[in-house]
Amino acid sequence: MGNGFDDDFDDTELLAAPSPSSSPEAATTVTVSKSKRKREAEKAKNAKRRKEATEDNDEVHLVFEGGKGVNTAIAKLDPQLIADYVGQKVKQSEKELSAVELEDRCIPASAFLDMTSWQKDRTLANLPEFMETFSRYKGRGASLKKASPSNGTPHTLIITAAALRAADITRAVRKFQSKENAVAKLFAKHIKLKDSIEYCQKTRIGIGVGTPGRVLALIKEDVLKLGDLKRIIIDASQIDEKKRGIFEIKETQKDVIDLLCSEELRKRLLDGSTSIIFY
């Protein structure tokens with residue numbers, strides 16, 4: 001006050017600054033100290049963000065359906081957040097990979113459709129309407145009731161964590177089925193791989209519903225073809241009694257990542273021929 005300096009002048013910098021006679025070592029010490037404080041402040045800020053995110057996750061509201069839950073937080077994720085989420089799961093699942101190898105497994109945000117405009121609960125009952133709404137996005141308006149003339153060539157794949165859930169989804173979307181547009185069960189429980197192979201070879205499939213491991217196996221066998229695949233819907237909101245989704249359940253995490261990052265599907269995701277939809 002009355003000293004001629006501005007009120008917001010920070011005299012700590014004056015005290016900390018080296019005098020002309022100070023040694024280079026002293027100046028270096030001051031610089032290092034400032035950098036350290038900056039790093040510590042950034043670390044504290046990031047820790048606070050992680051804590052808030054964890055707290056938000058603990059407070060996720062659940063809409064219960066048939067004894068299982070629906071993680072409503074998934075509905076709030078835009079394409080970039082979904083890409084970050086999937087990328088995080090890839091790193092957790094494949095810790096042995098180098099940075100370059102992880103980059104090759106990265107799925108860009110452009111591969112995901114933005115589903116944040118959907119306001120209804122992501123339950124089985126609402127799935128058919130959801131599919132009808134978003135099948136029209138990005139020029140993908142072909143009828144869900146029409147299949148490719150080539151056998152085993154679906155326009156839609158729905159991927160879920162368990163065979164029982166896949167059976168429930170199959171029943172929920174059966175309204176799209178016709179004689180020339182099968183809704184196929186593509187999971188391992190009670191269905192041998194050779195039987196699935198024969199089914200794909202002789203059936204015009206419009207919508208395939210299954211678990212990631214079996215679907216990937218059929219793709220590798222070249223009987224489930226991706227040439228007409230417009231969308232792959234991940235049943236991501238569905239969680240079990242332990243609040244785990246398809247990317248958290250140990251038995252399905254690797255399979256769903258291997259499917260999404262497979263060479264056959266990745267090419268279509270990168271060129272925009274196929275989009276990933278989180279339900």
# chains A, B, ... in the order shown; residues from 1 in each chain; ligands from 1
call {"tool": "residues_around", "arguments": {"residues": "region 189-197 of chain A", "least_positions_apart": "3", "cutoff": "7 Å", "atoms": "only C-alpha atoms", "output": "VMD selection string"}}
result
chain A and resid 163 186 200 to 201 218 223
call {"tool": "write_last_selection", "arguments": {"atoms": "N, CA, C and O atoms", "output": "PDB file, in the first residue's frame"}}
result
ATOM      1  N   ALA A 163     -24.730 -66.515 -23.622  1.00  0.00           N
ATOM      2  CA  ALA A 163     -25.659 -67.205 -24.518  1.00  0.00           C
ATOM      3  C   ALA A 163     -27.117 -66.967 -24.132  1.00  0.00           C
ATOM      4  O   ALA A 163     -27.970 -66.773 -24.999  1.00  0.00           O
ATOM      5  N   LEU A 186     -25.918 -67.086 -32.713  1.00  0.00           N
ATOM      6  CA  LEU A 186     -24.505 -67.369 -32.960  1.00  0.00           C
ATOM      7  C   LEU A 186     -23.752 -67.442 -31.634  1.00  0.00           C
ATOM      8  O   LEU A 186     -22.953 -66.567 -31.302  1.00  0.00           O
ATOM      9  N   CYS A 200     -24.666 -71.186 -41.193  1.00  0.00           N
ATOM     10  CA  CYS A 200     -24.260 -69.973 -41.924  1.00  0.00           C
ATOM     11  C   CYS A 200     -24.114 -70.250 -43.416  1.00  0.00           C
ATOM     12  O   CYS A 200     -24.427 -69.389 -44.250  1.00  0.00           O
ATOM     13  N   GLN A 201     -23.641 -71.441 -43.750  1.00  0.00           N
ATOM     14  CA  GLN A 201     -23.416 -71.784 -45.153  1.00  0.00           C
ATOM     15  C   GLN A 201     -24.713 -71.912 -45.943  1.00  0.00           C
ATOM     16  O   GLN A 201     -24.727 -71.688 -47.153  1.00  0.00           O
ATOM     17  N   LEU A 218     -16.588 -67.916 -36.335  1.00  0.00           N
ATOM     18  CA  LEU A 218     -17.300 -68.086 -37.607  1.00  0.00           C
ATOM     19  C   LEU A 218     -16.734 -67.173 -38.691  1.00  0.00           C
ATOM     20  O   LEU A 218     -16.700 -67.538 -39.869  1.00  0.00           O
ATOM     21  N   VAL A 223     -17.297 -68.376 -42.921  1.00  0.00           N
ATOM     22  CA  VAL A 223     -18.696 -68.720 -43.207  1.00  0.00           C
ATOM     23  C   VAL A 223     -19.629 -67.586 -42.769  1.00  0.00           C
ATOM     24  O   VAL A 223     -20.765 -67.502 -43.235  1.00  0.00           O
TER      25      VAL A 223
END
call {"tool": "residues_around", "arguments": {"residues": "Lys254 (chain A)", "least_positions_apart": "5", "cutoff": "12 Å", "atoms": "only C-alpha atoms", "output": "number ranges by chain"}}
result
A: 86, 89-95, 161, 211-213, 216, 246-249, 259-262
call {"tool": "write_last_selection", "arguments": {"atoms": "N, CA and C atoms", "output": "CSV table (one decimal), in the first residue's frame"}}
result
chain,number,residue,atom,x,y,z
A,86,VAL,N,-12.9,-47.9,-24.8
A,86,VAL,CA,-12.5,-49.2,-25.4
A,86,VAL,C,-10.9,-49.3,-25.5
A,89,LYS,N,-9.7,-50.4,-22.2
A,89,LYS,CA,-9.9,-51.8,-22.0
A,89,LYS,C,-8.9,-52.6,-22.8
A,90,VAL,N,-8.5,-52.2,-24.0
A,90,VAL,CA,-7.5,-52.8,-24.8
A,90,VAL,C,-6.1,-52.9,-24.0
A,91,LYS,N,-5.8,-51.7,-23.4
A,91,LYS,CA,-4.5,-51.6,-22.7
A,91,LYS,C,-4.5,-52.6,-21.5
A,92,GLN,N,-5.7,-52.6,-20.8
A,92,GLN,CA,-5.8,-53.5,-19.6
A,92,GLN,C,-5.7,-54.9,-20.0
A,93,SER,N,-6.3,-55.3,-21.1
A,93,SER,CA,-6.3,-56.7,-21.5
A,93,SER,C,-5.0,-57.2,-22.2
A,94,GLU,N,-4.3,-56.2,-22.8
A,94,GLU,CA,-3.1,-56.6,-23.5
A,94,GLU,C,-1.9,-55.9,-23.1
A,95,LYS,N,-1.6,-56.1,-21.8
A,95,LYS,CA,-0.5,-55.3,-21.2
A,95,LYS,C,0.9,-55.6,-21.8
A,161,ALA,N,-22.7,-60.7,-23.9
A,161,ALA,CA,-21.7,-61.4,-23.1
A,161,ALA,C,-22.1,-62.9,-22.9
A,211,THR,N,-22.3,-64.3,-29.0
A,211,THR,CA,-21.2,-64.0,-28.1
A,211,THR,C,-20.0,-63.7,-29.0
A,212,PRO,N,-19.1,-62.9,-28.5
A,212,PRO,CA,-17.9,-62.5,-29.3
A,212,PRO,C,-17.0,-63.6,-29.8
A,213,GLY,N,-16.8,-64.6,-28.9
A,213,GLY,CA,-15.9,-65.7,-29.2
A,213,GLY,C,-16.5,-66.6,-30.4
A,216,LEU,N,-16.5,-64.5,-33.7
A,216,LEU,CA,-15.1,-64.4,-34.3
A,216,LEU,C,-14.7,-65.7,-34.9
A,246,ILE,N,-19.9,-56.3,-20.6
A,246,ILE,CA,-19.1,-57.1,-21.5
A,246,ILE,C,-17.7,-56.9,-21.6
A,247,PHE,N,-17.3,-55.6,-21.3
A,247,PHE,CA,-15.8,-55.3,-21.3
A,247,PHE,C,-15.2,-55.5,-19.9
A,248,GLU,N,-16.0,-55.8,-18.9
A,248,GLU,CA,-15.4,-56.0,-17.6
A,248,GLU,C,-15.4,-57.5,-17.2
A,249,ILE,N,-16.2,-58.3,-17.8
A,249,ILE,CA,-16.3,-59.7,-17.5
A,249,ILE,C,-15.0,-60.4,-18.1
A,259,LEU,N,-12.5,-59.4,-31.4
A,259,LEU,CA,-13.5,-59.3,-32.5
A,259,LEU,C,-13.4,-57.9,-33.1
A,260,LEU,N,-13.5,-56.9,-32.2
A,260,LEU,CA,-13.5,-55.5,-32.8
A,260,LEU,C,-12.1,-55.1,-33.4
A,261,CYS,N,-11.1,-55.7,-33.0
A,261,CYS,CA,-9.7,-55.4,-33.5
A,261,CYS,C,-9.3,-56.4,-34.6
A,262,SER,N,-10.1,-57.3,-34.9
A,262,SER,CA,-9.8,-58.3,-35.9
A,262,SER,C,-9.5,-57.6,-37.3
call {"tool": "closest_residue", "arguments": {"among": "A:Ala184, A:Ala111, A:Val100, A:Ala162", "to": "Lys267 (chain A)", "atoms": "only C-alpha atoms"}}
result
A:Ala111
call {"tool": "select_by_dssp", "arguments": {"residues": "region 61-132 of chain A", "states": "alpha helix (DSSP H)", "output": "list in words"}}
result
Pro79, Gln80, Leu81, Ile82, Ala83, Asp84, Tyr85, Val86, Gly87, Gln88, Lys89, Val90, Lys91, Gln92, Ser93, Ala99, Val100, Glu101, Leu102, Glu103, Asp104, Leu127, Pro128, Glu129, Phe130, Met131 and Glu132 of chain A
call {"tool": "residues_around", "arguments": {"residues": "Arg204 (chain A)", "least_positions_apart": "2", "cutoff": "7 Å", "atoms": "only C-alpha atoms", "output": "count of residues only"}}
result
11
call {"tool": "residues_around", "arguments": {"residues": "Val183 (chain A)", "least_positions_apart": "3", "cutoff": "9 Å", "atoms": "only C-alpha atoms", "output": "count of residues only"}}
result
12
call {"tool": "atom_distance", "arguments": {"atom1": "CA of Ile107 (chain A)", "atom2": "CA of Leu270 (chain A)"}}
result
7.9 Å
call {"tool": "closest_residue", "arguments": {"among": "A:His155, A:Glu101, A:Pro79, A:Asn71", "to": "Asp240 (chain A)", "atoms": "only C-alpha atoms"}}
result
A:Asn71
